[in-house]
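S.K.: Sharing a structure with you now.
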Amino acid sequence: MVLHGTVRVAEPHGSETFVHLDLPSGSVIARAPAAATYRPGDTASFKADRHCIRYFDRETEKLVA
């Protein structure tokens, strides 16, 4: 599965960077290598393993699946 979105925030955290993406269907936080450079407004694509994705309820923030 490939996710395409617009970068909202990129947070460097030592060995990795958390990239907050706005997608047509919602939002997601993806992990990228520390050397990755993303800026708000950039278009980005991430390959995701369906078995590693976690879904949270938007209102309660509880894990759904």
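Labeling convention for the structure tokens: chains A, B, ... as they appear, residues from 1 per chain, ligands from 1 in order of appearance.
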Could you list, as a compact mmCIF listing (two decimals) with C-alpha atoms, in the first residue's frame, every residue within 12 Å of A:Glu11, counting only C-alpha atoms and ignoring same-chain residues fewer than 5 positions away?
M.R.:
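Below is the file that was written, result-v3.txt:
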# COMPACT_ATOMS: atom_id res chain seq x y z
CA GLU A 16 14.21 8.75 12.63
CA THR A 17 11.82 11.51 11.61
CA PHE A 18 8.07 11.40 12.23
CA VAL A 19 6.21 12.88 9.27
CA HIS A 20 2.61 14.00 9.76
CA LEU A 21 0.72 13.70 6.47
CA ILE A 29 2.04 9.75 11.01
CA ALA A 30 4.83 7.96 9.16
CA ARG A 31 8.41 7.16 10.16
CA ALA A 32 11.25 8.19 7.86
CA PRO A 33 15.04 7.95 8.15
CA ALA A 34 16.73 10.71 10.15
CA ALA A 35 18.39 12.05 6.99
CA ALA A 36 15.00 12.64 5.33
CA THR A 37 14.14 16.30 4.87
CA TYR A 38 10.46 17.19 4.61
CA ARG A 39 8.92 20.64 4.93
CA PRO A 40 5.28 21.60 5.52
S.K.: If you run DSSP over the backbone, which residues in chain A end up strand (DSSP E or B)? Put them as a ChimeraX atom specification.
M.R.: /A:2-13,16-23,26-33,43-47,56,63
S.K.: So which residues touch A:Phe46 within 8 Å, counting only C-alpha atoms, skipping near sequence neighbours fewer than 6 positions away, as a list in words?
M.R.: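 Near neighbours after the sequence-gap exclusion: Val2, Leu3, His4 and Ala30 of chain A.
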S.K.: Grab the residues selected above and save them as a PDB file, in the first residue's frame with C-alpha atoms.
M.R.:
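Written output follows (result_32.pdb):
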ATOM      1  CA  VAL A   2       1.347   3.447  -0.879  1.00  0.00           C
ATOM      2  CA  LEU A   3       0.135   6.537   0.952  1.00  0.00           C
ATOM      3  CA  HIS A   4       0.309   9.904  -0.833  1.00  0.00           C
ATOM      4  CA  ALA A  30       4.827   7.955   9.156  1.00  0.00           C
TER       5      ALA A  30
END
S.K.: Give me, as a PDB file with N, CA, C and O atoms, in the first residue's frame, all polymer residues having an atom no more than 9 Å from A:Met1, counting only C-alpha atoms and skipping those fewer than 3 positions away in the same chain.
M.R.:
ATOM      1  N   PHE A  46       4.649   7.325   0.996  1.00  0.00           N
ATOM      2  CA  PHE A  46       5.249   6.329   1.877  1.00  0.00           C
ATOM      3  C   PHE A  46       4.663   4.967   1.565  1.00  0.00           C
ATOM      4  O   PHE A  46       3.451   4.830   1.367  1.00  0.00           O
ATOM      5  N   LYS A  47       5.514   3.974   1.517  1.00  0.00           N
ATOM      6  CA  LYS A  47       5.080   2.595   1.351  1.00  0.00           C
ATOM      7  C   LYS A  47       4.753   2.061   2.738  1.00  0.00           C
ATOM      8  O   LYS A  47       5.544   2.218   3.672  1.00  0.00           O
ATOM      9  N   ALA A  48       3.591   1.460   2.891  1.00  0.00           N
ATOM     10  CA  ALA A  48       3.157   0.969   4.191  1.00  0.00           C
ATOM     11  C   ALA A  48       2.796  -0.514   4.121  1.00  0.00           C
ATOM     12  O   ALA A  48       2.131  -0.949   3.184  1.00  0.00           O
ATOM     13  N   ASP A  49       3.236  -1.255   5.102  1.00  0.00           N
ATOM     14  CA  ASP A  49       2.855  -2.661   5.239  1.00  0.00           C
ATOM     15  C   ASP A  49       1.506  -2.693   5.953  1.00  0.00           C
ATOM     16  O   ASP A  49       1.388  -2.220   7.083  1.00  0.00           O
ATOM     17  N   ARG A  50       0.504  -3.231   5.315  1.00  0.00           N
ATOM     18  CA  ARG A  50      -0.853  -3.259   5.894  1.00  0.00           C
ATOM     19  C   ARG A  50      -0.877  -3.881   7.287  1.00  0.00           C
ATOM     20  O   ARG A  50      -1.709  -3.540   8.111  1.00  0.00           O
TER      21      ARG A  50
END
